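Encoded as structure tokens, the structure appears first; notes follow it.
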Amino acid sequence: MQARELTGPAVAFVVIVAVVVGGAAVVPLVTGGDTPEVTNLAERQTDLDAVRVDPAEESGEITMDADAESKTILVDRAHGNELSDEKLSTLTAALVENGHEVRFVTQEQARGQAWNQSLRTADALLVANPGRPYTSEQLAGVRAFNEAGGRVVLLSDPASGSGASAVTSLLGLSVQQPASGGPGLSSSLGVAARSGYLFNMHEYQHNFESVYATGGSGSLSQGVDRVVFHDARAVTTADGQVALSAIERTRLSTTRRADTYAVAAQSGDVAIVGDTDFLAPTNAYVADNEAFVGNLADFLVSGQKTSNAPSPPSPERGESAPTRPAPTA
Amino acid sequence: MKRKPSAASAKETFVVAIAAAVLVSAVLAPVAYDYGSSTQSDGTVSVITVSGTISATTVDGISEDLRNARTNESVKAVVLKVDSGGGAVAPSERLYLEVLRTAEQMPVVASVQGTGASGAYYGMLPADEIFVLSSTQIGSVGVIGSGGSVPYPDSVIRTGPDKAQPTTDQRERTVESLKRQFVGRVMEHRGENISLSREEVAYARTYLGPEAVQNGYADRIGALPTAIDHAAELAGMEDYDVARQEPPSSLGLILLASQTDNGTEIYKRSDRTNGLVPVTGPLMVDEVPYHDPEVTGNASA
């Protein structure tokens, strides 16, 4: 009797629940879902051609043309020089392969008379990013070496931002403030480097600091159409010739001025390049860098240095040596 | 004798009824007011906050807010309240795409507070209008990331020379590609207004509000209420509600999360580069290179 009284309400309960829940489930099926249409915005907004950056083509070989007999090239390692073995290996490999000798001067080997002795037995000198100043005797020795036909190549990067690196680069100081009271090495040789780095916002290789430079005159630019310099500085020469100039619309970081900036210059038996990165194995074969490296190696071995110069010190030679300001070219 | 209690009972019932009516009215009146005002209101302006470092976590939250704005029929316009100096590249692009998706559906107005630089500027590009203050720093259209990576010791086994160790050249190409994308999108979205060339934009300079309005990085000088009102106007609303979407969690948690996301805290010392090198090497759309303490000092003085 009691169960029968409950049947009615129970059925009503089940029917109501079934209708309400079932209806809720069926309504979206009838009316359709509310998922909005999705547009592929990322694809629409991406210009694949515009954002593609192709790798720089690397080709060619570093070859030397100079038909010179075996020469000795001295690499300055005595003045806190910043040039990695990796970069140096590109140049030394080319020189050694062509029968030349590469020697290094350590700090101990540059003390007192030892510096001039090292120069006396060498045909060419390579100085990269010196971090310590040269003594007036050392400068006089290099000048005498150069005047006797000894070839000198100066490589200079812009002062690195990190504290450990040599901000007091001799070449930089030679234009701004002479080191240790005497003239710097580069300015005493008639070439100089400017402060700041070069950049180009229009045409560059992968980065605005990787500027292109085109050939000028002289043996350094032979067979060179375009060279890539990364983080390079502008160089100047008193009366020499510009070997490579950064392409138009290249600017100097310190002034932001667009101008024609030389990156490599030659003044007689002295050459200056405002970069060392072109020697790095990863950069040495892009564009015509390999041709330029070869030209630089040729320049080092093509000098006609009189033997035994700089001459050994004589009693009358005193403090007069560093007074000559004129370039050697 | 018999009437008295009956009269008292009627009176009591009357009082109880009044009390009940007051109570019920007190409960229902706000609801009724809200209903009344919502029928008066044409819709809602959703104010979404974009602050701190742009990271995957912060963009997850902002994306959710934007999605809610798009799916909620009462939301007719969005205002981005921006105060950020940027962040990681991928989250910045995600933010950009989410804002773009929203801007295609309803008016979006950006209101930059202190800073709207780099990744934050990237994110607000699709906005219909950008409002700045005279002290706002805006711009910094560029990408920054570490160059080469520190060589792995022999104890680490890798399957290829480029595994987890991109070369400087590869990193440069990556950064250049990301920069082109960023600059291209700035030119596309600000194109009609901007007076700067693609080259000038690529310098990645940060501009102060008034200059930004002049060169087209921003549209107008104005504070948040003005931006909200303008967004409502663009959506054709005279009477509107404002719903503010604040970041979901506390500031400390966000910073912690963002640091983990972009991996900026993981550094190792490198002898080759004379400095600290991030292990994970994230690419940042950030304004790290631009910092002028003097300007900040003057502004706060």
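Ordered as shown in the structure tokens, chains take letters A, B, and onward, while each chain numbers its residues from 1 and ligands are numbered from 1 in the order shown.
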Using only C-alpha atoms and a cut-off of 10 Å, which residues of chain B sit close to chain A? Please list them as a PyMOL selection string. chain B and resi 70-71+93-94+96-98+100-101+167-182+184-185+188+198-200+202-203+272-275
Could you dump the residues just selected with N, CA and C atoms as a CSV table (one decimal), in the first residue's frame?
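Once everything was written out, this is selection02.csv:
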```csv
chain,number,residue,atom,x,y,z
B,70,ARG,N,36.9,37.5,-25.6
B,70,ARG,CA,36.4,37.2,-26.9
B,70,ARG,C,35.1,36.3,-26.8
B,71,THR,N,35.0,35.5,-25.8
B,71,THR,CA,33.9,34.6,-25.8
B,71,THR,C,32.7,35.1,-25.0
B,93,GLU,N,55.7,36.7,-29.0
B,93,GLU,CA,55.0,36.5,-30.2
B,93,GLU,C,53.6,35.9,-30.0
B,94,ARG,N,53.6,35.0,-29.0
B,94,ARG,CA,52.3,34.5,-28.6
B,94,ARG,C,51.3,35.6,-28.2
B,96,TYR,N,51.4,38.7,-29.0
B,96,TYR,CA,51.1,39.5,-30.2
B,96,TYR,C,49.9,38.8,-31.0
B,97,LEU,N,50.0,37.5,-31.1
B,97,LEU,CA,49.0,36.8,-31.9
B,97,LEU,C,47.7,36.7,-31.1
B,98,GLU,N,47.7,36.6,-29.8
B,98,GLU,CA,46.5,36.6,-29.0
B,98,GLU,C,45.8,38.0,-29.1
B,100,LEU,N,46.2,40.1,-31.5
B,100,LEU,CA,45.7,40.3,-32.9
B,100,LEU,C,44.4,39.6,-33.1
B,101,ARG,N,44.3,38.4,-32.5
B,101,ARG,CA,43.0,37.6,-32.6
B,101,ARG,C,41.9,38.4,-32.0
B,167,THR,N,76.6,27.6,-33.2
B,167,THR,CA,77.8,28.5,-33.5
B,167,THR,C,77.4,29.9,-33.4
B,168,THR,N,78.3,30.8,-33.3
B,168,THR,CA,78.0,32.3,-33.3
B,168,THR,C,77.3,32.7,-34.5
B,169,ASP,N,77.7,32.1,-35.7
B,169,ASP,CA,77.0,32.4,-36.9
B,169,ASP,C,75.6,32.0,-36.9
B,170,GLN,N,75.3,30.8,-36.4
B,170,GLN,CA,73.9,30.3,-36.3
B,170,GLN,C,73.1,31.2,-35.4
B,171,ARG,N,73.7,31.6,-34.3
B,171,ARG,CA,73.0,32.5,-33.4
B,171,ARG,C,72.7,33.8,-34.0
B,172,GLU,N,73.7,34.3,-34.8
B,172,GLU,CA,73.5,35.6,-35.4
B,172,GLU,C,72.3,35.5,-36.4
B,173,ARG,N,72.3,34.4,-37.2
B,173,ARG,CA,71.2,34.2,-38.1
B,173,ARG,C,69.9,34.1,-37.5
B,174,THR,N,69.8,33.4,-36.3
B,174,THR,CA,68.6,33.3,-35.6
B,174,THR,C,68.1,34.7,-35.1
B,175,VAL,N,69.0,35.4,-34.5
B,175,VAL,CA,68.7,36.7,-34.0
B,175,VAL,C,68.2,37.7,-35.1
B,176,GLU,N,68.9,37.6,-36.2
B,176,GLU,CA,68.6,38.4,-37.4
B,176,GLU,C,67.2,38.1,-37.9
B,177,SER,N,66.9,36.8,-38.0
B,177,SER,CA,65.6,36.4,-38.5
B,177,SER,C,64.5,36.9,-37.5
B,178,LEU,N,64.7,36.8,-36.2
B,178,LEU,CA,63.7,37.2,-35.2
B,178,LEU,C,63.6,38.8,-35.3
B,179,LYS,N,64.7,39.4,-35.5
B,179,LYS,CA,64.6,40.9,-35.7
B,179,LYS,C,63.8,41.3,-36.9
B,180,ARG,N,64.0,40.6,-38.0
B,180,ARG,CA,63.3,41.0,-39.2
B,180,ARG,C,61.8,40.8,-39.0
B,181,GLN,N,61.4,39.7,-38.3
B,181,GLN,CA,60.0,39.4,-38.0
B,181,GLN,C,59.4,40.6,-37.2
B,182,PHE,N,60.2,41.0,-36.1
B,182,PHE,CA,59.7,42.0,-35.2
B,182,PHE,C,59.6,43.3,-35.9
B,184,GLY,N,59.5,43.9,-39.1
B,184,GLY,CA,58.4,43.8,-40.2
B,184,GLY,C,57.0,44.0,-39.6
B,185,ARG,N,56.8,43.4,-38.4
B,185,ARG,CA,55.4,43.6,-37.9
B,185,ARG,C,55.2,45.0,-37.3
B,188,GLU,N,54.3,46.9,-40.3
B,188,GLU,CA,53.0,46.6,-40.8
B,188,GLU,C,51.9,47.2,-40.0
B,198,ARG,N,62.5,51.8,-41.7
B,198,ARG,CA,62.8,50.4,-41.2
B,198,ARG,C,64.1,50.4,-40.5
B,199,GLU,N,65.1,51.1,-41.1
B,199,GLU,CA,66.5,51.1,-40.5
B,199,GLU,C,66.4,51.8,-39.1
B,200,GLU,N,65.7,52.9,-39.0
B,200,GLU,CA,65.7,53.7,-37.8
B,200,GLU,C,65.0,52.8,-36.7
B,202,ALA,N,65.0,49.6,-36.6
B,202,ALA,CA,65.9,48.5,-36.2
B,202,ALA,C,67.1,49.0,-35.3
B,203,TYR,N,67.2,50.3,-35.1
B,203,TYR,CA,68.2,50.7,-34.2
B,203,TYR,C,67.8,50.3,-32.7
B,272,ARG,N,86.5,31.8,-22.3
B,272,ARG,CA,86.7,32.2,-23.7
B,272,ARG,C,86.1,33.6,-23.9
B,273,THR,N,85.0,33.9,-23.3
B,273,THR,CA,84.4,35.1,-23.6
B,273,THR,C,84.6,36.1,-22.4
B,274,ASN,N,85.3,35.8,-21.5
B,274,ASN,CA,85.6,36.6,-20.3
B,274,ASN,C,84.3,37.1,-19.6
B,275,GLY,N,83.4,36.2,-19.4
B,275,GLY,CA,82.2,36.7,-18.8
B,275,GLY,C,81.2,35.5,-18.5
```
Counting only C-alpha atoms, what is within 6 Å of Ala56 of chain B, bar same-chain residues fewer than 2 positions away, as a PyMOL selection string? chain B and resi 58-59+91
Quick check, in Å to one decimal: how far apart do atom CA of Asp269 of chain A and atom CA of Gln113 of chain A lie?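 Atom CA of Asp269 of chain A sits 23.4 Å away from atom CA of Gln113 of chain A.
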Write out as a PyMOL selection string the set of residues from segment 123-254 of chain B that DSSP, computed on the backbone, places in strand (DSSP E or B). chain B and resi 129-132+137-139+144+206-208+220-221+240-245
Just the number, please: distance in Å from atom CA of Thr106 of chain A to atom CA of Asp76 of chain A, one decimal.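 Computed distance, atom CA of Thr106 of chain A to atom CA of Asp76 of chain A, equals 7.2 Å.
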Which is closest to Arg190 of chain B among B:Glu104, B:Glu246, B:Glu12, B:Glu129, if we use only C-alpha atoms?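 Looking only at the distances to Arg190 of chain B, the closest residue turns out to be B:Glu129.
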Between B:Pro107, B:Ala204, B:Val50, B:Arg67, single out the one closest to Gly236 of chain B, counting only C-alpha atoms.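 Looking at the shortest contact to Gly236 of chain B, the residue is B:Pro107.
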Distance query segment 108-124 of chain B at most 7 Å, only C-alpha atoms, self and fewer than 5 positions along chain excluded, as a compact mmCIF listing (two decimals) with N, CA, C and O atoms, in the first residue's frame:
```txt
# COMPACT_ATOMS: atom_id res chain seq x y z
N ILE B 54 57.71 39.40 -19.78
CA ILE B 54 56.84 38.59 -20.63
C ILE B 54 57.40 37.16 -20.67
O ILE B 54 58.46 36.92 -21.25
N ALA B 77 34.94 45.58 -25.75
CA ALA B 77 36.24 46.18 -26.06
C ALA B 77 37.25 45.76 -25.00
O ALA B 77 36.87 45.38 -23.89
N VAL B 78 38.52 45.81 -25.38
CA VAL B 78 39.59 45.42 -24.47
C VAL B 78 40.60 46.55 -24.35
O VAL B 78 40.93 47.20 -25.35
N VAL B 79 41.04 46.80 -23.13
CA VAL B 79 42.13 47.75 -22.92
C VAL B 79 43.30 46.98 -22.30
O VAL B 79 43.10 46.26 -21.31
N LEU B 80 44.47 47.09 -22.91
CA LEU B 80 45.65 46.45 -22.34
C LEU B 80 46.35 47.49 -21.47
O LEU B 80 46.75 48.54 -21.96
N LYS B 81 46.46 47.18 -20.20
CA LYS B 81 47.17 48.09 -19.29
C LYS B 81 48.61 47.56 -19.19
O LYS B 81 48.88 46.56 -18.54
N VAL B 82 49.52 48.22 -19.90
CA VAL B 82 50.86 47.66 -20.09
C VAL B 82 51.91 48.37 -19.23
O VAL B 82 51.96 49.60 -19.18
N ASP B 83 52.71 47.60 -18.56
CA ASP B 83 53.89 48.13 -17.88
C ASP B 83 54.94 47.02 -17.84
O ASP B 83 55.03 46.26 -16.89
N SER B 84 55.69 46.91 -18.93
CA SER B 84 56.64 45.81 -19.06
C SER B 84 57.78 46.20 -19.99
O SER B 84 57.57 46.91 -20.98
N GLY B 85 58.96 45.74 -19.66
CA GLY B 85 60.13 46.02 -20.49
C GLY B 85 60.45 44.90 -21.46
O GLY B 85 61.50 44.88 -22.07
N GLY B 86 59.54 43.92 -21.58
CA GLY B 86 59.76 42.84 -22.54
C GLY B 86 59.99 41.52 -21.86
O GLY B 86 59.69 41.35 -20.67
N GLY B 87 60.52 40.59 -22.61
CA GLY B 87 60.74 39.25 -22.08
C GLY B 87 61.25 38.33 -23.17
O GLY B 87 61.92 38.78 -24.09
N VAL B 89 61.31 35.80 -26.43
CA VAL B 89 60.78 36.02 -27.78
C VAL B 89 59.47 35.28 -28.03
O VAL B 89 58.47 35.88 -28.41
N SER B 92 56.43 36.54 -26.32
CA SER B 92 56.08 37.85 -26.86
C SER B 92 55.30 37.70 -28.16
O SER B 92 54.34 38.40 -28.41
N GLU B 93 55.74 36.74 -28.99
CA GLU B 93 55.01 36.52 -30.25
C GLU B 93 53.63 35.93 -29.96
O GLU B 93 52.65 36.27 -30.63
N LEU B 95 51.83 36.51 -27.36
CA LEU B 95 51.02 37.63 -26.88
C LEU B 95 50.52 38.44 -28.07
O LEU B 95 49.34 38.80 -28.15
N TYR B 96 51.43 38.70 -29.00
CA TYR B 96 51.09 39.46 -30.21
C TYR B 96 49.93 38.80 -30.96
O TYR B 96 48.97 39.46 -31.35
N VAL B 99 46.62 39.05 -29.01
CA VAL B 99 46.06 40.41 -29.09
C VAL B 99 45.49 40.64 -30.48
O VAL B 99 44.42 41.22 -30.65
N ALA B 103 41.86 41.69 -31.47
CA ALA B 103 41.65 42.96 -32.18
C ALA B 103 40.84 42.76 -33.46
O ALA B 103 40.23 43.70 -33.96
N GLU B 129 44.70 51.57 -31.01
CA GLU B 129 45.41 52.79 -30.63
C GLU B 129 46.27 52.54 -29.41
O GLU B 129 45.92 51.71 -28.56
N ILE B 130 47.39 53.26 -29.34
CA ILE B 130 48.29 53.12 -28.19
C ILE B 130 48.35 54.45 -27.46
O ILE B 130 48.70 55.48 -28.05
N PHE B 131 47.97 54.43 -26.18
CA PHE B 131 48.03 55.63 -25.34
C PHE B 131 49.28 55.56 -24.48
O PHE B 131 49.59 54.49 -23.93
N VAL B 132 49.99 56.66 -24.35
CA VAL B 132 51.17 56.70 -23.49
C VAL B 132 51.08 57.91 -22.57
O VAL B 132 50.30 58.83 -22.79
N LEU B 133 51.93 57.91 -21.55
CA LEU B 133 52.06 59.08 -20.68
C LEU B 133 53.31 59.83 -21.11
O LEU B 133 54.13 59.29 -21.86
N SER B 135 55.79 60.31 -19.44
CA SER B 135 56.98 59.69 -18.84
C SER B 135 57.16 58.24 -19.31
O SER B 135 58.06 57.55 -18.86
N THR B 136 56.31 57.80 -20.21
CA THR B 136 56.39 56.40 -20.69
C THR B 136 57.62 56.19 -21.57
O THR B 136 57.98 57.05 -22.37
N GLN B 137 58.26 55.03 -21.39
CA GLN B 137 59.35 54.63 -22.28
C GLN B 137 58.79 53.55 -23.19
O GLN B 137 58.31 52.53 -22.71
N ILE B 138 58.92 53.78 -24.48
CA ILE B 138 58.30 52.83 -25.41
C ILE B 138 59.23 52.57 -26.60
O ILE B 138 59.99 53.45 -27.00
N GLY B 139 59.21 51.34 -27.11
CA GLY B 139 60.03 51.03 -28.28
C GLY B 139 60.95 49.85 -28.04
O GLY B 139 60.50 48.80 -27.62
N SER B 140 62.23 50.04 -28.31
CA SER B 140 63.25 48.99 -28.15
C SER B 140 62.92 47.78 -29.03
O SER B 140 62.83 46.65 -28.56
N VAL B 141 62.73 48.07 -30.33
CA VAL B 141 62.35 47.02 -31.27
C VAL B 141 63.60 46.23 -31.69
O VAL B 141 64.26 46.56 -32.67
N GLY B 142 63.93 45.22 -30.92
CA GLY B 142 65.13 44.44 -31.24
C GLY B 142 65.19 43.18 -30.41
O GLY B 142 64.36 42.93 -29.54
N ALA B 223 45.96 58.87 -20.04
CA ALA B 223 46.06 57.89 -18.97
C ALA B 223 45.02 56.77 -19.17
O ALA B 223 44.23 56.81 -20.11
N LEU B 224 45.03 55.81 -18.27
CA LEU B 224 44.17 54.62 -18.40
C LEU B 224 42.68 54.94 -18.56
O LEU B 224 42.04 54.39 -19.46
N ALA B 227 41.94 55.89 -21.99
CA ALA B 227 42.05 54.76 -22.91
C ALA B 227 40.80 53.89 -22.83
O ALA B 227 40.28 53.44 -23.86
N ALA B 231 38.21 53.19 -25.80
CA ALA B 231 37.90 51.82 -26.25
C ALA B 231 36.39 51.64 -26.33
O ALA B 231 35.86 51.05 -27.28
N VAL B 285 63.53 39.40 -26.18
CA VAL B 285 63.08 40.66 -26.76
C VAL B 285 63.01 41.58 -25.56
O VAL B 285 62.01 41.67 -24.89
N ASP B 286 64.12 42.17 -25.25
CA ASP B 286 64.20 42.86 -23.98
C ASP B 286 64.87 44.22 -24.15
O ASP B 286 65.48 44.49 -25.16
N GLU B 287 64.73 45.04 -23.15
CA GLU B 287 65.35 46.36 -23.25
C GLU B 287 66.61 46.41 -22.40
O GLU B 287 67.00 47.46 -21.92
```
Gln109 of chain A environment, 12 Å, only C-alpha atoms, sequence neighbours closer than 3 positions dropped, as a ChimeraX atom specification: /A:74-79,103-106,112-119,138
Rank nothing, just name the residue among A:Ala280, A:Val293, A:Ala234, A:Ala94 nearest to Asp259 of chain A, using only C-alpha atoms. A:Ala234
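Going from atom CA of Leu185 of chain A to atom CA of Ile73 of chain A covers 17.8 Å.
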